[in-house]
Amino acid sequence: MATAALRNAQMSEAEWETRQELAACYRVFAMLGWSEMIYNHITLKIPDEDGAFLINPFGLHFSEVTASSLVKIDIDGNKLDESPYPVNRAGFVQHALFHRHLPDAHCIMHTHTTAGMAVSSVEGGLRPTNFYACNFAGQIAYHDFEGVTVRDEEGARLLEHLGNKRVMLLKNHGILVMGRTLPEAFIKHWSLQRACEIQIATASMGKPLEVSPEVVAVHQRDLHMAQVPGGPGTADFAAMVRLVDKIDTGWRN
């Protein structure tokens with residue numbers, strides 16, 4: 001009841017819905033093994049507040065994040081609520097950059113999964129050698145490792161290397177995806193993670209078979225026919241949230 005009272009007194013319905021969606025996502029990532037101690041970040045814009053977005057409280061594991069514990073900050077990293085938690089600068093600098101300059105980057109996800117870091121650390125990056133990798137052929141940007149992302153001056157190079165793409169492998173570092181919605185970003189991350197996992201497994205068995213550009217083009221053209229109505233990733237993310245709810249519904253508070 002206290003959480004409900006706080007919600008009604010201090011935030012819009014749109015913000016509360018955004019908080020619940022993002023908190024659910026953190027719990028889904030934890031369930032899928034995509035957490036990294038208390039690090040890594042998923043950010044989500046608040047639709048009715050220009051320049052405001054939510055980020056995880058620095059110090060909590062993904063499995064501990066709740067709707068009310070998420071921190072609301074502006075595009076310059078200033079807190080817009082009374083959260084007792086700090087914000088990880090390594091998360092804010094990179095995410096704020098893209099939220100500031102890319103109107104369609106409604107949700108941004110960055111992880112250090114083993115598979116994502118491994119594929120980002122080999123010459124050639126992701127290759128079109130499996131079903132999921134073919135989804136991304138020609139659609140992945142790459143950015144050279146410059147150390148932990150806490151310096152504002154790296155931003156210009158990140159934007160330049162990203163270009164018009166919305167999926168990036170940070171070399172020697174990990175996965176970065178963006179979406180017009182959280183479910184869209186989720187299904188991109190899930191598919192890229194699977195592509196990386198399968199590439200690693202394939203490489204352990206012998207010389208991979210690369211799919212021809214002609215077949216990749218047909219594959220990407222026809223992908224929409226395998227999607228459930230409702231928008232990219234919507235049904236997929238909803239299914240994962242149902243699984244999370246079987247474990248714990250505390251994230252909703």
# chains A, B, ... in the order shown; residues from 1 in each chain; ligands from 1
$ residues_around --residues "segment 30-35 of chain A" --least-positions-apart "3" --cutoff "12 Å" --atoms "only C-alpha atoms" --output "CSV table (one decimal) with all heavy atoms, in the first residue's frame"
chain,number,residue,atom,x,y,z
A,23,ALA,N,11.5,-2.8,-14.8
A,23,ALA,CA,11.8,-3.7,-13.7
A,23,ALA,C,11.6,-5.1,-14.1
A,23,ALA,O,12.4,-6.0,-13.8
A,23,ALA,CB,10.9,-3.4,-12.5
A,24,ALA,N,10.6,-5.4,-14.9
A,24,ALA,CA,10.3,-6.8,-15.4
A,24,ALA,C,11.5,-7.2,-16.3
A,24,ALA,O,12.0,-8.4,-16.2
A,24,ALA,CB,9.0,-6.8,-16.2
A,25,CYS,N,12.0,-6.3,-17.1
A,25,CYS,CA,13.1,-6.6,-18.0
A,25,CYS,C,14.4,-7.0,-17.2
A,25,CYS,O,15.1,-7.9,-17.6
A,25,CYS,CB,13.4,-5.4,-18.9
A,25,CYS,SG,14.5,-5.8,-20.3
A,26,TYR,N,14.7,-6.2,-16.2
A,26,TYR,CA,15.8,-6.6,-15.4
A,26,TYR,C,15.7,-8.0,-14.8
A,26,TYR,O,16.6,-8.8,-14.7
A,26,TYR,CB,16.0,-5.5,-14.2
A,26,TYR,CG,16.8,-4.3,-14.7
A,26,TYR,CD1,16.2,-3.1,-14.9
A,26,TYR,CD2,18.2,-4.4,-14.9
A,26,TYR,CE1,16.9,-2.0,-15.3
A,26,TYR,CE2,18.9,-3.3,-15.3
A,26,TYR,CZ,18.3,-2.1,-15.5
A,26,TYR,OH,19.0,-1.0,-15.9
A,27,ARG,N,14.5,-8.3,-14.3
A,27,ARG,CA,14.3,-9.7,-13.8
A,27,ARG,C,14.4,-10.7,-14.8
A,27,ARG,O,14.9,-11.8,-14.6
A,27,ARG,CB,12.9,-9.7,-13.1
A,27,ARG,CG,12.8,-8.8,-11.8
A,27,ARG,CD,13.8,-9.2,-10.8
A,27,ARG,NE,13.6,-8.4,-9.6
A,27,ARG,CZ,12.9,-8.8,-8.5
A,27,ARG,NH1,12.4,-10.0,-8.4
A,27,ARG,NH2,12.8,-8.0,-7.4
A,38,ILE,N,26.7,-6.3,-10.2
A,38,ILE,CA,25.8,-5.2,-10.0
A,38,ILE,C,26.0,-4.2,-11.2
A,38,ILE,O,25.6,-3.1,-11.2
A,38,ILE,CB,26.1,-4.4,-8.7
A,38,ILE,CG1,27.6,-3.9,-8.6
A,38,ILE,CG2,25.8,-5.3,-7.5
A,38,ILE,CD1,27.9,-3.0,-7.5
A,39,TYR,N,26.7,-4.7,-12.3
A,39,TYR,CA,27.0,-3.8,-13.4
A,39,TYR,C,26.1,-4.1,-14.6
A,39,TYR,O,25.2,-4.9,-14.5
A,39,TYR,CB,28.5,-4.1,-13.8
A,39,TYR,CG,29.4,-3.9,-12.6
A,39,TYR,CD1,29.9,-5.0,-11.9
A,39,TYR,CD2,29.7,-2.6,-12.2
A,39,TYR,CE1,30.7,-4.8,-10.8
A,39,TYR,CE2,30.5,-2.4,-11.0
A,39,TYR,CZ,31.0,-3.5,-10.3
A,39,TYR,OH,31.8,-3.3,-9.2
A,40,ASN,N,26.4,-3.4,-15.7
A,40,ASN,CA,25.6,-3.4,-16.9
A,40,ASN,C,24.3,-2.6,-16.7
A,40,ASN,O,23.9,-2.3,-15.6
A,40,ASN,CB,25.3,-4.8,-17.4
A,40,ASN,CG,26.6,-5.5,-17.8
A,40,ASN,OD1,26.5,-6.7,-18.2
A,40,ASN,ND2,27.7,-4.8,-17.8
A,41,HIS,N,23.6,-2.3,-17.8
A,41,HIS,CA,22.5,-1.3,-17.8
A,41,HIS,C,21.5,-1.5,-18.8
A,41,HIS,O,21.8,-1.9,-19.9
A,41,HIS,CB,23.1,0.1,-17.9
A,41,HIS,CG,24.5,0.2,-17.5
A,41,HIS,ND1,24.9,0.4,-16.2
A,41,HIS,CD2,25.7,0.2,-18.3
A,41,HIS,CE1,26.2,0.4,-16.2
A,41,HIS,NE2,26.7,0.4,-17.4
A,42,ILE,N,20.3,-1.3,-18.5
A,42,ILE,CA,19.1,-1.2,-19.4
A,42,ILE,C,18.5,0.2,-19.0
A,42,ILE,O,18.1,0.4,-17.9
A,42,ILE,CB,18.1,-2.3,-19.3
A,42,ILE,CG1,18.8,-3.7,-19.3
A,42,ILE,CG2,17.1,-2.2,-20.4
A,42,ILE,CD1,17.9,-4.8,-18.8
A,56,ASN,N,19.0,1.5,-13.7
A,56,ASN,CA,19.1,0.6,-12.5
A,56,ASN,C,19.8,1.3,-11.4
A,56,ASN,O,20.8,2.1,-11.7
A,56,ASN,CB,19.7,-0.7,-12.8
A,56,ASN,CG,21.0,-0.7,-13.6
A,56,ASN,OD1,21.2,0.1,-14.5
A,56,ASN,ND2,22.0,-1.5,-13.2
A,60,LEU,N,22.5,-2.7,-6.8
A,60,LEU,CA,21.6,-3.8,-6.8
A,60,LEU,C,21.9,-4.7,-7.9
A,60,LEU,O,22.2,-4.3,-9.0
A,60,LEU,CB,20.1,-3.3,-6.9
A,60,LEU,CG,19.6,-2.4,-5.8
A,60,LEU,CD1,18.1,-2.2,-6.0
A,60,LEU,CD2,19.8,-3.1,-4.4
A,61,HIS,N,21.7,-6.0,-7.6
A,61,HIS,CA,21.8,-7.0,-8.7
A,61,HIS,C,20.5,-6.9,-9.5
A,61,HIS,O,19.4,-6.5,-9.0
A,61,HIS,CB,21.9,-8.4,-8.0
A,61,HIS,CG,22.1,-9.5,-9.0
A,61,HIS,ND1,21.1,-10.3,-9.6
A,61,HIS,CD2,23.2,-10.1,-9.5
A,61,HIS,CE1,21.6,-11.2,-10.4
A,61,HIS,NE2,22.9,-11.1,-10.4
A,62,PHE,N,20.6,-7.3,-10.8
A,62,PHE,CA,19.4,-7.3,-11.6
A,62,PHE,C,18.2,-8.0,-11.0
A,62,PHE,O,17.0,-7.5,-11.1
A,62,PHE,CB,19.6,-8.0,-13.0
A,62,PHE,CG,20.4,-7.1,-14.0
A,62,PHE,CD1,21.0,-5.9,-13.6
A,62,PHE,CD2,20.5,-7.5,-15.3
A,62,PHE,CE1,21.8,-5.2,-14.5
A,62,PHE,CE2,21.2,-6.8,-16.2
A,62,PHE,CZ,21.8,-5.6,-15.9
A,63,SER,N,18.4,-9.1,-10.3
A,63,SER,CA,17.3,-9.8,-9.6
A,63,SER,C,16.7,-9.1,-8.5
A,63,SER,O,15.7,-9.5,-7.9
A,63,SER,CB,17.9,-11.2,-9.2
A,63,SER,OG,18.8,-11.0,-8.1
A,64,GLU,N,17.3,-8.0,-8.0
A,64,GLU,CA,16.8,-7.2,-6.9
A,64,GLU,C,16.0,-6.0,-7.3
A,64,GLU,O,15.4,-5.3,-6.5
A,64,GLU,CB,17.9,-6.8,-6.0
A,64,GLU,CG,18.7,-7.9,-5.3
A,64,GLU,CD,19.8,-7.4,-4.5
A,64,GLU,OE1,20.7,-6.8,-5.0
A,64,GLU,OE2,19.8,-7.6,-3.3
A,65,VAL,N,16.1,-5.6,-8.6
A,65,VAL,CA,15.5,-4.4,-9.1
A,65,VAL,C,14.0,-4.4,-9.0
A,65,VAL,O,13.4,-5.5,-9.4
A,65,VAL,CB,15.9,-4.1,-10.5
A,65,VAL,CG1,15.2,-2.9,-11.1
A,65,VAL,CG2,17.4,-3.8,-10.6
A,109,MET,N,20.1,-1.3,-24.2
A,109,MET,CA,20.6,-2.4,-23.4
A,109,MET,C,22.0,-2.7,-23.6
A,109,MET,O,22.5,-2.7,-24.8
A,109,MET,CB,19.8,-3.7,-23.7
A,109,MET,CG,18.3,-3.6,-23.6
A,109,MET,SD,17.4,-5.1,-24.1
A,109,MET,CE,15.7,-4.7,-23.5
A,110,HIS,N,22.8,-2.8,-22.6
A,110,HIS,CA,24.2,-3.1,-22.7
A,110,HIS,C,24.6,-4.2,-21.7
A,110,HIS,O,24.3,-4.1,-20.5
A,110,HIS,CB,25.1,-1.9,-22.4
A,110,HIS,CG,26.5,-2.2,-22.2
A,110,HIS,ND1,27.2,-2.8,-23.2
A,110,HIS,CD2,27.4,-2.0,-21.2
A,110,HIS,CE1,28.5,-3.0,-22.8
A,110,HIS,NE2,28.6,-2.5,-21.6
A,111,THR,N,25.2,-5.3,-22.2
A,111,THR,CA,25.5,-6.4,-21.3
A,111,THR,C,26.9,-6.9,-21.6
A,111,THR,O,27.5,-6.7,-22.7
A,111,THR,CB,24.6,-7.6,-21.5
A,111,THR,OG1,24.6,-8.0,-22.9
A,111,THR,CG2,23.1,-7.2,-21.1
A,112,HIS,N,27.5,-7.7,-20.6
A,112,HIS,CA,28.8,-8.3,-20.7
A,112,HIS,C,28.6,-9.8,-20.7
A,112,HIS,O,29.2,-10.5,-20.0
A,112,HIS,CB,29.7,-7.9,-19.6
A,112,HIS,CG,30.1,-6.5,-19.6
A,112,HIS,ND1,30.9,-6.0,-18.6
A,112,HIS,CD2,29.9,-5.5,-20.5
A,112,HIS,CE1,31.2,-4.7,-18.8
A,112,HIS,NE2,30.6,-4.4,-20.0
A,113,THR,N,27.6,-10.4,-21.5
A,113,THR,CA,27.5,-11.8,-21.5
A,113,THR,C,28.7,-12.5,-22.0
A,113,THR,O,29.5,-11.9,-22.8
A,113,THR,CB,26.3,-12.2,-22.4
A,113,THR,OG1,26.6,-11.9,-23.7
A,113,THR,CG2,25.0,-11.5,-21.9
A,114,THR,N,29.0,-13.7,-21.6
A,114,THR,CA,30.2,-14.4,-22.0
A,114,THR,C,30.2,-14.5,-23.6
A,114,THR,O,31.2,-14.2,-24.2
A,114,THR,CB,30.2,-15.8,-21.4
A,114,THR,OG1,30.3,-15.7,-20.0
A,114,THR,CG2,31.4,-16.6,-21.9
A,115,ALA,N,29.1,-14.9,-24.1
A,115,ALA,CA,29.0,-15.1,-25.6
A,115,ALA,C,29.2,-13.8,-26.3
A,115,ALA,O,29.9,-13.7,-27.3
A,115,ALA,CB,27.7,-15.7,-26.0
A,116,GLY,N,28.5,-12.7,-25.8
A,116,GLY,CA,28.6,-11.4,-26.5
A,116,GLY,C,30.0,-10.8,-26.4
A,116,GLY,O,30.6,-10.3,-27.4
A,117,MET,N,30.7,-11.0,-25.2
A,117,MET,CA,32.0,-10.5,-25.1
A,117,MET,C,33.0,-11.3,-26.0
A,117,MET,O,33.9,-10.8,-26.6
A,117,MET,CB,32.5,-10.5,-23.6
A,117,MET,CG,31.7,-9.5,-22.8
A,117,MET,SD,32.4,-9.4,-21.1
A,117,MET,CE,33.9,-8.3,-21.4
A,174,GLY,N,31.4,-6.0,-25.3
A,174,GLY,CA,30.1,-6.7,-25.2
A,174,GLY,C,29.0,-6.1,-26.2
A,174,GLY,O,29.3,-5.5,-27.2
A,175,ILE,N,27.8,-6.4,-25.8
A,175,ILE,CA,26.6,-6.1,-26.6
A,175,ILE,C,25.9,-4.8,-26.3
A,175,ILE,O,25.8,-4.4,-25.1
A,175,ILE,CB,25.5,-7.3,-26.4
A,175,ILE,CG1,26.0,-8.6,-27.0
A,175,ILE,CG2,24.2,-6.9,-27.1
A,175,ILE,CD1,25.1,-9.8,-26.7
A,186,PHE,N,14.6,-6.0,-26.6
A,186,PHE,CA,14.7,-7.3,-25.9
A,186,PHE,C,14.9,-8.4,-27.0
A,186,PHE,O,15.8,-9.2,-26.9
A,186,PHE,CB,13.5,-7.6,-25.1
A,186,PHE,CG,13.5,-9.0,-24.6
A,186,PHE,CD1,14.4,-9.5,-23.6
A,186,PHE,CD2,12.7,-10.0,-25.2
A,186,PHE,CE1,14.4,-10.8,-23.2
A,186,PHE,CE2,12.7,-11.3,-24.8
A,186,PHE,CZ,13.6,-11.7,-23.8
A,189,HIS,N,18.3,-8.2,-28.5
A,189,HIS,CA,19.4,-8.7,-27.6
A,189,HIS,C,19.3,-10.2,-27.5
A,189,HIS,O,20.3,-10.9,-27.6
A,189,HIS,CB,19.2,-8.1,-26.2
A,189,HIS,CG,20.4,-8.4,-25.3
A,189,HIS,ND1,20.5,-9.7,-24.7
A,189,HIS,CD2,21.4,-7.7,-24.8
A,189,HIS,CE1,21.6,-9.7,-24.0
A,189,HIS,NE2,22.2,-8.5,-24.0
A,190,TRP,N,18.1,-10.8,-27.4
A,190,TRP,CA,18.0,-12.2,-27.3
A,190,TRP,C,18.5,-12.9,-28.5
A,190,TRP,O,19.3,-13.9,-28.5
A,190,TRP,CB,16.5,-12.6,-27.1
A,190,TRP,CG,16.3,-14.1,-26.9
A,190,TRP,CD1,16.3,-14.8,-25.8
A,190,TRP,CD2,16.0,-15.0,-28.0
A,190,TRP,NE1,16.1,-16.1,-26.0
A,190,TRP,CE2,15.9,-16.3,-27.4
A,190,TRP,CE3,15.8,-14.9,-29.4
A,190,TRP,CZ2,15.6,-17.4,-28.1
A,190,TRP,CZ3,15.6,-16.1,-30.1
A,190,TRP,CH2,15.5,-17.3,-29.5
A,193,GLN,N,22.3,-12.5,-28.7
A,193,GLN,CA,22.9,-13.4,-27.8
A,193,GLN,C,23.0,-14.9,-28.3
A,193,GLN,O,24.0,-15.6,-28.2
A,193,GLN,CB,22.2,-13.3,-26.4
A,193,GLN,CG,22.6,-14.4,-25.4
A,193,GLN,CD,24.0,-14.2,-24.8
A,193,GLN,OE1,24.6,-13.1,-25.0
A,193,GLN,NE2,24.5,-15.1,-24.1
A,194,ARG,N,21.8,-15.3,-28.8
A,194,ARG,CA,21.7,-16.7,-29.4
A,194,ARG,C,22.7,-16.8,-30.5
A,194,ARG,O,23.4,-17.9,-30.7
A,194,ARG,CB,20.3,-17.0,-29.8
A,194,ARG,CG,19.3,-17.1,-28.7
A,194,ARG,CD,19.6,-18.4,-27.9
A,194,ARG,NE,19.3,-19.6,-28.7
A,194,ARG,CZ,20.1,-20.7,-28.7
A,194,ARG,NH1,21.2,-20.7,-28.0
A,194,ARG,NH2,19.8,-21.7,-29.5
A,240,MET,N,8.3,-14.1,-21.4
A,240,MET,CA,9.3,-14.1,-20.4
A,240,MET,C,8.9,-13.5,-19.0
A,240,MET,O,9.3,-14.0,-18.0
A,240,MET,CB,10.6,-13.3,-20.9
A,240,MET,CG,11.3,-14.0,-22.1
A,240,MET,SD,12.0,-15.6,-21.7
A,240,MET,CE,10.7,-16.7,-22.4
A,241,VAL,N,8.0,-12.5,-19.1
A,241,VAL,CA,7.5,-11.9,-17.9
A,241,VAL,C,6.6,-12.8,-17.1
A,241,VAL,O,6.7,-12.9,-15.9
A,241,VAL,CB,6.8,-10.6,-18.2
A,241,VAL,CG1,6.1,-10.0,-16.9
A,241,VAL,CG2,7.7,-9.5,-18.8
A,242,ARG,N,5.9,-13.6,-17.9
A,242,ARG,CA,5.0,-14.6,-17.2
A,242,ARG,C,5.9,-15.7,-16.5
A,242,ARG,O,5.6,-16.1,-15.4
A,242,ARG,CB,4.1,-15.3,-18.2
A,242,ARG,CG,3.0,-14.4,-18.8
A,242,ARG,CD,2.0,-15.2,-19.5
A,242,ARG,NE,2.5,-15.9,-20.7
A,242,ARG,CZ,2.5,-15.4,-21.9
A,242,ARG,NH1,2.2,-14.1,-22.1
A,242,ARG,NH2,3.0,-16.1,-23.0
A,243,LEU,N,7.0,-16.0,-17.1
A,243,LEU,CA,8.0,-16.9,-16.4
A,243,LEU,C,8.6,-16.3,-15.1
A,243,LEU,O,8.7,-17.0,-14.1
A,243,LEU,CB,9.1,-17.4,-17.4
A,243,LEU,CG,8.7,-18.3,-18.5
A,243,LEU,CD1,9.9,-18.6,-19.4
A,243,LEU,CD2,8.1,-19.6,-18.0
A,244,VAL,N,8.9,-15.0,-15.2
A,244,VAL,CA,9.5,-14.3,-14.1
A,244,VAL,C,8.4,-14.3,-13.0
A,244,VAL,O,8.8,-14.5,-11.8
A,244,VAL,CB,9.9,-12.9,-14.5
A,244,VAL,CG1,10.1,-12.0,-13.2
A,244,VAL,CG2,11.2,-12.9,-15.3
A,245,ASP,N,7.2,-14.1,-13.3
A,245,ASP,CA,6.1,-14.0,-12.3
A,245,ASP,C,6.0,-15.3,-11.5
A,245,ASP,O,5.5,-15.3,-10.4
A,245,ASP,CB,4.8,-13.6,-12.9
A,245,ASP,CG,4.6,-12.1,-13.0
A,245,ASP,OD1,5.3,-11.4,-12.2
A,245,ASP,OD2,3.8,-11.6,-13.8
A,246,LYS,N,6.3,-16.4,-12.2
A,246,LYS,CA,6.2,-17.7,-11.5
A,246,LYS,C,7.3,-17.8,-10.4
A,246,LYS,O,7.2,-18.7,-9.5
A,246,LYS,CB,6.4,-18.8,-12.5
A,246,LYS,CG,5.2,-19.0,-13.4
A,246,LYS,CD,5.4,-20.1,-14.4
A,246,LYS,CE,4.1,-20.2,-15.3
A,246,LYS,NZ,4.3,-21.3,-16.3
A,247,ILE,N,8.4,-17.0,-10.6
A,247,ILE,CA,9.5,-17.1,-9.6
A,247,ILE,C,9.2,-16.1,-8.5
A,247,ILE,O,9.4,-16.4,-7.3
A,247,ILE,CB,10.8,-16.7,-10.3
A,247,ILE,CG1,11.1,-17.7,-11.4
A,247,ILE,CG2,12.0,-16.7,-9.3
A,247,ILE,CD1,12.3,-17.4,-12.3
A,248,ASP,N,8.9,-14.8,-8.9
A,248,ASP,CA,8.7,-13.8,-7.9
A,248,ASP,C,8.0,-12.6,-8.5
A,248,ASP,O,8.4,-12.2,-9.6
A,248,ASP,CB,10.1,-13.3,-7.4
A,248,ASP,CG,10.0,-12.2,-6.3
A,248,ASP,OD1,9.0,-11.9,-5.8
A,248,ASP,OD2,11.1,-11.6,-6.1
A,251,TRP,N,9.0,-7.7,-8.2
A,251,TRP,CA,9.6,-6.6,-9.0
A,251,TRP,C,8.5,-5.6,-9.4
A,251,TRP,O,8.8,-4.4,-9.7
A,251,TRP,CB,10.1,-7.2,-10.3
A,251,TRP,CG,9.1,-7.9,-11.1
A,251,TRP,CD1,8.8,-9.3,-11.1
A,251,TRP,CD2,8.2,-7.4,-12.1
A,251,TRP,NE1,7.8,-9.6,-11.9
A,251,TRP,CE2,7.4,-8.5,-12.6
A,251,TRP,CE3,7.9,-6.1,-12.6
A,251,TRP,CZ2,6.4,-8.4,-13.5
A,251,TRP,CZ3,6.9,-6.0,-13.6
A,251,TRP,CH2,6.2,-7.1,-14.0
$ select_by_dssp --residues "segment 45-109 of chain A" --states "helix (DSSP H, G or I)" --output "PDB file with N, CA and C atoms, in the first residue's frame"
ATOM      1  N   PHE A  62      20.555  -7.347 -10.788  1.00  0.00           N
ATOM      2  CA  PHE A  62      19.364  -7.285 -11.646  1.00  0.00           C
ATOM      3  C   PHE A  62      18.171  -7.979 -10.986  1.00  0.00           C
ATOM      4  N   SER A  63      18.415  -9.062 -10.264  1.00  0.00           N
ATOM      5  CA  SER A  63      17.337  -9.823  -9.637  1.00  0.00           C
ATOM      6  C   SER A  63      16.711  -9.096  -8.461  1.00  0.00           C
ATOM      7  N   GLU A  64      17.289  -7.985  -8.030  1.00  0.00           N
ATOM      8  CA  GLU A  64      16.762  -7.206  -6.903  1.00  0.00           C
ATOM      9  C   GLU A  64      16.014  -5.954  -7.349  1.00  0.00           C
ATOM     10  N   ARG A  89      28.308   5.808 -13.466  1.00  0.00           N
ATOM     11  CA  ARG A  89      28.679   6.731 -14.545  1.00  0.00           C
ATOM     12  C   ARG A  89      28.944   5.988 -15.848  1.00  0.00           C
ATOM     13  N   ALA A  90      29.500   4.804 -15.768  1.00  0.00           N
ATOM     14  CA  ALA A  90      29.773   4.033 -16.983  1.00  0.00           C
ATOM     15  C   ALA A  90      28.493   3.707 -17.728  1.00  0.00           C
ATOM     16  N   GLY A  91      27.380   3.650 -17.019  1.00  0.00           N
ATOM     17  CA  GLY A  91      26.097   3.417 -17.669  1.00  0.00           C
ATOM     18  C   GLY A  91      25.481   4.699 -18.170  1.00  0.00           C
ATOM     19  N   PHE A  92      25.533   5.721 -17.350  1.00  0.00           N
ATOM     20  CA  PHE A  92      24.896   6.976 -17.723  1.00  0.00           C
ATOM     21  C   PHE A  92      25.527   7.615 -18.957  1.00  0.00           C
ATOM     22  N   VAL A  93      26.853   7.690 -19.003  1.00  0.00           N
ATOM     23  CA  VAL A  93      27.527   8.424 -20.083  1.00  0.00           C
ATOM     24  C   VAL A  93      27.162   7.849 -21.442  1.00  0.00           C
ATOM     25  N   GLN A  94      27.254   6.546 -21.574  1.00  0.00           N
ATOM     26  CA  GLN A  94      26.978   5.898 -22.859  1.00  0.00           C
ATOM     27  C   GLN A  94      25.502   5.991 -23.221  1.00  0.00           C
ATOM     28  N   HIS A  95      24.629   5.669 -22.291  1.00  0.00           N
ATOM     29  CA  HIS A  95      23.200   5.642 -22.589  1.00  0.00           C
ATOM     30  C   HIS A  95      22.641   7.039 -22.819  1.00  0.00           C
ATOM     31  N   ALA A  96      23.060   8.015 -22.016  1.00  0.00           N
ATOM     32  CA  ALA A  96      22.570   9.374 -22.183  1.00  0.00           C
ATOM     33  C   ALA A  96      22.949   9.925 -23.556  1.00  0.00           C
ATOM     34  N   LEU A  97      24.125   9.564 -24.014  1.00  0.00           N
ATOM     35  CA  LEU A  97      24.586   9.999 -25.335  1.00  0.00           C
ATOM     36  C   LEU A  97      23.587   9.587 -26.417  1.00  0.00           C
ATOM     37  N   PHE A  98      23.216   8.312 -26.401  1.00  0.00           N
ATOM     38  CA  PHE A  98      22.309   7.814 -27.438  1.00  0.00           C
ATOM     39  C   PHE A  98      20.887   8.327 -27.229  1.00  0.00           C
ATOM     40  N   HIS A  99      20.428   8.400 -25.992  1.00  0.00           N
ATOM     41  CA  HIS A  99      19.096   8.950 -25.745  1.00  0.00           C
ATOM     42  C   HIS A  99      19.011  10.403 -26.193  1.00  0.00           C
ATOM     43  N   ARG A 100      20.117  11.144 -26.054  1.00  0.00           N
ATOM     44  CA  ARG A 100      20.131  12.558 -26.428  1.00  0.00           C
ATOM     45  C   ARG A 100      20.061  12.745 -27.940  1.00  0.00           C
ATOM     46  N   HIS A 101      20.813  11.930 -28.668  1.00  0.00           N
ATOM     47  CA  HIS A 101      20.993  12.177 -30.103  1.00  0.00           C
ATOM     48  C   HIS A 101      20.133  11.302 -31.010  1.00  0.00           C
TER      49      HIS A 101
END
$ select_by_dssp --residues "segment 41-91 of chain A" --states "strand (DSSP E)" --output "ChimeraX atom specification"
/A:41-45,52-55,71-74
$ closest_residue --among "A:Glu184, A:Asp222, A:Glu21, A:Asp76" --to "Asp104 of chain A" --atoms "only C-alpha atoms"
A:Glu184
$ atom_distance --atom1 "atom CA of Thr66 of chain A" --atom2 "atom CA of Gly250 of chain A"
6.9 Å
$ residues_around --residues "Arg157 of chain A" --least-positions-apart "2" --cutoff "12 Å" --atoms "only C-alpha atoms" --output "PDB file with C-alpha atoms, in the first residue's frame"
ATOM      1  CA  GLN A  94      26.978   5.898 -22.859  1.00  0.00           C
ATOM      2  CA  LEU A  97      24.586   9.999 -25.335  1.00  0.00           C
ATOM      3  CA  PHE A  98      22.309   7.814 -27.438  1.00  0.00           C
ATOM      4  CA  ALA A 141      28.145  -1.568 -36.027  1.00  0.00           C
ATOM      5  CA  TYR A 142      31.515  -2.005 -34.289  1.00  0.00           C
ATOM      6  CA  HIS A 143      33.384   0.322 -31.967  1.00  0.00           C
ATOM      7  CA  ASP A 144      36.990  -0.147 -30.833  1.00  0.00           C
ATOM      8  CA  PHE A 145      37.628  -0.615 -27.130  1.00  0.00           C
ATOM      9  CA  GLU A 146      38.846   2.599 -25.465  1.00  0.00           C
ATOM     10  CA  THR A 149      33.031   4.229 -20.952  1.00  0.00           C
ATOM     11  CA  ARG A 151      34.601   9.870 -20.722  1.00  0.00           C
ATOM     12  CA  ASP A 152      32.257  12.209 -22.569  1.00  0.00           C
ATOM     13  CA  GLU A 153      34.753  12.737 -25.409  1.00  0.00           C
ATOM     14  CA  GLU A 154      34.314   9.124 -26.581  1.00  0.00           C
ATOM     15  CA  GLY A 155      30.733   9.951 -27.483  1.00  0.00           C
ATOM     16  CA  LEU A 159      27.877   7.971 -32.668  1.00  0.00           C
ATOM     17  CA  GLU A 160      30.068   7.978 -35.779  1.00  0.00           C
ATOM     18  CA  HIS A 161      30.658   4.232 -35.622  1.00  0.00           C
ATOM     19  CA  LEU A 162      26.996   3.491 -34.904  1.00  0.00           C
ATOM     20  CA  GLY A 163      25.786   5.469 -37.924  1.00  0.00           C
ATOM     21  CA  LEU A 170      31.669  -2.995 -28.588  1.00  0.00           C
TER      22      LEU A 170
END
$ residues_around --residues "Thr43 of chain A" --least-positions-apart "4" --cutoff "7 Å" --atoms "only C-alpha atoms" --output "list in words"
Phe53, Leu54, Ile55, Cys107, Ile108 and Met109 of chain A
$ write_last_selection --atoms "N, CA, C and O atoms" --output "PDB file, in the first residue's frame"
ATOM      1  N   PHE A  53      14.747   9.569 -18.253  1.00  0.00           N
ATOM      2  CA  PHE A  53      14.744   8.123 -18.436  1.00  0.00           C
ATOM      3  C   PHE A  53      15.117   7.418 -17.139  1.00  0.00           C
ATOM      4  O   PHE A  53      15.581   8.034 -16.177  1.00  0.00           O
ATOM      5  N   LEU A  54      14.846   6.124 -17.118  1.00  0.00           N
ATOM      6  CA  LEU A  54      15.066   5.291 -15.939  1.00  0.00           C
ATOM      7  C   LEU A  54      16.283   4.411 -16.132  1.00  0.00           C
ATOM      8  O   LEU A  54      16.550   3.933 -17.243  1.00  0.00           O
ATOM      9  N   ILE A  55      17.016   4.195 -15.029  1.00  0.00           N
ATOM     10  CA  ILE A  55      18.209   3.359 -15.058  1.00  0.00           C
ATOM     11  C   ILE A  55      18.249   2.562 -13.751  1.00  0.00           C
ATOM     12  O   ILE A  55      17.614   2.946 -12.762  1.00  0.00           O
ATOM     13  N   CYS A 107      14.715   2.566 -25.866  1.00  0.00           N
ATOM     14  CA  CYS A 107      15.274   1.628 -24.891  1.00  0.00           C
ATOM     15  C   CYS A 107      16.670   1.222 -25.329  1.00  0.00           C
ATOM     16  O   CYS A 107      16.895   0.956 -26.516  1.00  0.00           O
ATOM     17  N   ILE A 108      17.607   1.177 -24.389  1.00  0.00           N
ATOM     18  CA  ILE A 108      18.997   0.818 -24.694  1.00  0.00           C
ATOM     19  C   ILE A 108      19.448  -0.244 -23.705  1.00  0.00           C
ATOM     20  O   ILE A 108      19.219  -0.127 -22.501  1.00  0.00           O
ATOM     21  N   MET A 109      20.084  -1.297 -24.220  1.00  0.00           N
ATOM     22  CA  MET A 109      20.553  -2.410 -23.397  1.00  0.00           C
ATOM     23  C   MET A 109      22.032  -2.654 -23.647  1.00  0.00           C
ATOM     24  O   MET A 109      22.468  -2.722 -24.800  1.00  0.00           O
TER      25      MET A 109
END
